Amino acid sequence: MNEMDSNMQQKVVIVPCSGIGKTYGTVSREAAYIVTEDMRPEETQLVALSKLVLGDENARAALAANPAVTIDGCKLACATKMVQESGGTVIQDFAVLDVYRRYKQFKPQGIAELNEGGLQLAEALGNEIAVVVDSLHQNETKGNQNG
């Protein structure tokens with residue numbers, strides 16, 4: 001396989017917070033699902049933070065081979081720290097609270113199920129992540145054309 005083939009197959013790994021029982025953690029996971037299942041399923045891959053914590057070989061291999069976007073639900077930044085500790089390269093990290101500050105009209109509530117504001121915030125976050133994914137893939141395409 002040549003370099004062009006490997007670049008074409010590269011996916012962006014999305015690693016969301018696993019803040020179970022926290023609204024921002026739920027927003028983080030919902031945004032990750034929106035991107036990986038609906039917005040950019042061909043260009044992204046979801047890796048659960050718990051898999052990295054447990055040292056799952058497939059999760060670590062995905063990080064070794066692909067750039068990562070992390071979504072942190074709080075200041076502890078567990079997703080970002082764990083990706084870095086697992087040998088991954090974080091190309092962009094998102095903090096749900098920072099995104100909420102940009103979209104204060106979306107007031108997230110709920111844990112098991114988000115309210116409408118939480119779903120709208122997750123959608124807005126998903127859109128921001130999609131822009132990063134698109135930008136990365138455009139740069140790869142330009143690199144392949146120039147290389």
# chains A, B, ... in the order shown; residues from 1 in each chain; ligands from 1
$ residues_around --residues "stretch 55-58 of chain A" --least-positions-apart "6" --cutoff "12 Å" --atoms "only C-alpha atoms" --output "list of chain:residue names"
A:Gln45, A:Leu46, A:Val47, A:Ala48, A:Leu49, A:Ala64, A:Ala65, A:Met82, A:Val83, A:Glu85, A:Ser86, A:Gly87
$ residues_around --residues "A:Ala122" --least-positions-apart "6" --cutoff "6 Å" --atoms "only C-alpha atoms" --output "PyMOL selection string"
chain A and resi 27+30-31
$ write_last_selection --atoms "C-alpha atoms" --output "compact mmCIF listing (two decimals), in the first residue's frame"
# COMPACT_ATOMS: atom_id res chain seq x y z
CA VAL A 27 -23.89 16.17 25.27
CA GLU A 30 -24.47 12.63 21.66
CA ALA A 31 -22.32 14.96 19.54
$ residues_around --residues "A:Glu42" --least-positions-apart "3" --cutoff "10 Å" --atoms "only C-alpha atoms" --output "count of residues only"
9
$ atom_distance --atom1 "atom CA of A:Val13" --atom2 "atom CA of A:Ile34"
13.6 Å
$ residues_around --residues "A:Ala77" --least-positions-apart "4" --cutoff "10 Å" --atoms "only C-alpha atoms" --output "PyMOL selection string"
chain A and resi 17+70-73+81-82+93-95
$ select_by_dssp --residues "chain A" --states "strand (DSSP E)" --output "list in words"
Val12, Val13, Ile14, Val15, Pro16, Thr44, Gln45, Leu46, Pro67, Ala68, Val69, Thr70, Ile71, Asp72, Thr89, Val90, Ile91, Gln92, Asp93, Phe94 and Ala95 of chain A
$ residues_around --residues "A:Val96" --least-positions-apart "5" --cutoff "12 Å" --atoms "only C-alpha atoms" --output "tab-separated table (two decimals) with N, CA and C atoms, in the first residue's frame"
chain	number	residue	atom	x	y	z
A	16	PRO	N	-15.24	10.77	22.83
A	16	PRO	CA	-16.01	11.64	23.72
A	16	PRO	C	-15.77	11.31	25.19
A	17	CYS	N	-16.11	12.27	26.01
A	17	CYS	CA	-16.11	12.12	27.46
A	17	CYS	C	-17.00	10.93	27.84
A	19	GLY	N	-18.39	10.96	30.97
A	19	GLY	CA	-18.97	11.48	32.21
A	19	GLY	C	-20.39	10.99	32.42
A	22	LYS	N	-23.60	12.98	34.06
A	22	LYS	CA	-23.38	14.43	33.92
A	22	LYS	C	-23.96	14.89	32.59
A	23	THR	N	-24.66	16.00	32.61
A	23	THR	CA	-25.30	16.52	31.40
A	23	THR	C	-24.28	16.78	30.30
A	24	TYR	N	-23.16	17.45	30.63
A	24	TYR	CA	-22.17	17.76	29.59
A	24	TYR	C	-21.53	16.50	29.02
A	25	GLY	N	-21.40	15.47	29.83
A	25	GLY	CA	-20.90	14.18	29.33
A	25	GLY	C	-21.86	13.59	28.32
A	26	THR	N	-23.14	13.71	28.60
A	26	THR	CA	-24.17	13.21	27.67
A	26	THR	C	-24.16	14.01	26.38
A	27	VAL	N	-24.00	15.33	26.47
A	27	VAL	CA	-23.89	16.17	25.27
A	27	VAL	C	-22.69	15.73	24.45
A	28	SER	N	-21.58	15.47	25.12
A	28	SER	CA	-20.35	15.03	24.45
A	28	SER	C	-20.57	13.75	23.65
A	29	ARG	N	-21.17	12.77	24.29
A	29	ARG	CA	-21.40	11.49	23.61
A	29	ARG	C	-22.41	11.64	22.48
A	30	GLU	N	-23.46	12.42	22.70
A	30	GLU	CA	-24.47	12.63	21.66
A	30	GLU	C	-23.85	13.30	20.44
A	31	ALA	N	-22.99	14.29	20.66
A	31	ALA	CA	-22.32	14.96	19.54
A	31	ALA	C	-21.44	13.96	18.78
A	32	ALA	N	-20.75	13.09	19.50
A	32	ALA	CA	-19.91	12.07	18.86
A	32	ALA	C	-20.75	11.14	17.99
A	70	THR	N	-11.07	15.06	20.40
A	70	THR	CA	-11.61	14.70	21.70
A	70	THR	C	-12.69	15.68	22.11
A	71	ILE	N	-13.64	15.17	22.90
A	71	ILE	CA	-14.73	16.00	23.40
A	71	ILE	C	-14.77	15.80	24.91
A	72	ASP	N	-14.41	16.84	25.64
A	72	ASP	CA	-14.38	16.76	27.10
A	72	ASP	C	-15.60	17.44	27.70
A	73	GLY	N	-16.19	16.79	28.70
A	73	GLY	CA	-17.37	17.32	29.35
A	73	GLY	C	-17.06	18.24	30.53
A	74	CYS	N	-15.83	18.20	31.03
A	74	CYS	CA	-15.47	19.06	32.17
A	74	CYS	C	-13.99	19.43	32.10
A	75	LYS	N	-13.55	20.20	33.08
A	75	LYS	CA	-12.17	20.70	33.10
A	75	LYS	C	-11.13	19.60	33.30
A	76	LEU	N	-11.53	18.44	33.76
A	76	LEU	CA	-10.57	17.34	33.95
A	76	LEU	C	-9.98	16.87	32.63
A	77	ALA	N	-10.70	17.10	31.53
A	77	ALA	CA	-10.23	16.76	30.18
A	77	ALA	C	-9.75	15.31	30.07
A	79	ALA	N	-10.82	12.76	28.30
A	79	ALA	CA	-10.71	12.21	26.94
A	79	ALA	C	-9.40	12.65	26.30
A	101	ARG	N	-20.83	28.11	25.83
A	101	ARG	CA	-20.65	29.57	25.94
A	101	ARG	C	-20.92	30.26	24.60
A	102	ARG	N	-20.67	29.57	23.50
A	102	ARG	CA	-20.94	30.14	22.17
A	102	ARG	C	-22.42	30.01	21.78
A	103	TYR	N	-23.12	29.09	22.43
A	103	TYR	CA	-24.52	28.81	22.09
A	103	TYR	C	-25.37	28.83	23.35
A	104	LYS	N	-25.36	29.96	24.06
A	104	LYS	CA	-26.06	30.03	25.35
A	104	LYS	C	-27.57	29.84	25.22
A	106	PHE	N	-28.95	27.42	23.90
A	106	PHE	CA	-29.21	25.98	24.08
A	106	PHE	C	-28.85	25.59	25.51
A	107	LYS	N	-29.84	25.46	26.35
A	107	LYS	CA	-29.58	25.14	27.76
A	107	LYS	C	-29.78	23.64	27.98
A	108	PRO	N	-28.66	22.90	28.04
A	108	PRO	CA	-28.78	21.45	28.16
A	108	PRO	C	-29.23	21.01	29.55
A	118	GLY	N	-30.28	20.50	24.98
A	118	GLY	CA	-29.11	19.63	24.99
A	118	GLY	C	-28.87	19.00	23.63
A	121	LEU	N	-27.48	21.68	21.38
A	121	LEU	CA	-26.08	21.93	21.69
A	121	LEU	C	-25.20	20.82	21.11
A	122	ALA	N	-25.65	19.57	21.23
A	122	ALA	CA	-24.91	18.44	20.66
A	122	ALA	C	-24.81	18.58	19.14
A	123	GLU	N	-25.87	19.03	18.51
A	123	GLU	CA	-25.88	19.24	17.06
A	123	GLU	C	-24.90	20.34	16.67
A	124	ALA	N	-24.89	21.44	17.43
A	124	ALA	CA	-23.97	22.55	17.17
A	124	ALA	C	-22.52	22.08	17.34
A	125	LEU	N	-22.27	21.31	18.38
A	125	LEU	CA	-20.93	20.75	18.60
A	125	LEU	C	-20.56	19.80	17.47
A	126	GLY	N	-21.50	18.98	17.06
A	126	GLY	CA	-21.27	18.07	15.94
A	126	GLY	C	-20.89	18.83	14.67
A	128	GLU	N	-19.37	21.72	14.53
A	128	GLU	CA	-18.00	22.22	14.70
A	128	GLU	C	-16.98	21.10	14.46
A	129	ILE	N	-17.30	19.91	14.93
A	129	ILE	CA	-16.40	18.77	14.72
A	129	ILE	C	-16.33	18.42	13.24
$ select_by_dssp --residues "stretch 89-147 of chain A" --states "helix (DSSP H, G or I)" --output "number ranges by chain"
A: 96-102, 116-146
$ atom_distance --atom1 "atom CA of A:Ala112" --atom2 "atom CA of A:Gln92"
26.8 Å
$ atom_distance --atom1 "atom CA of A:Gly117" --atom2 "atom CA of A:Val35"
17.8 Å
$ closest_residue --among "A:Val90, A:Val133, A:Leu97, A:Ala62" --to "A:Pro41" --atoms "only C-alpha atoms"
A:Val133
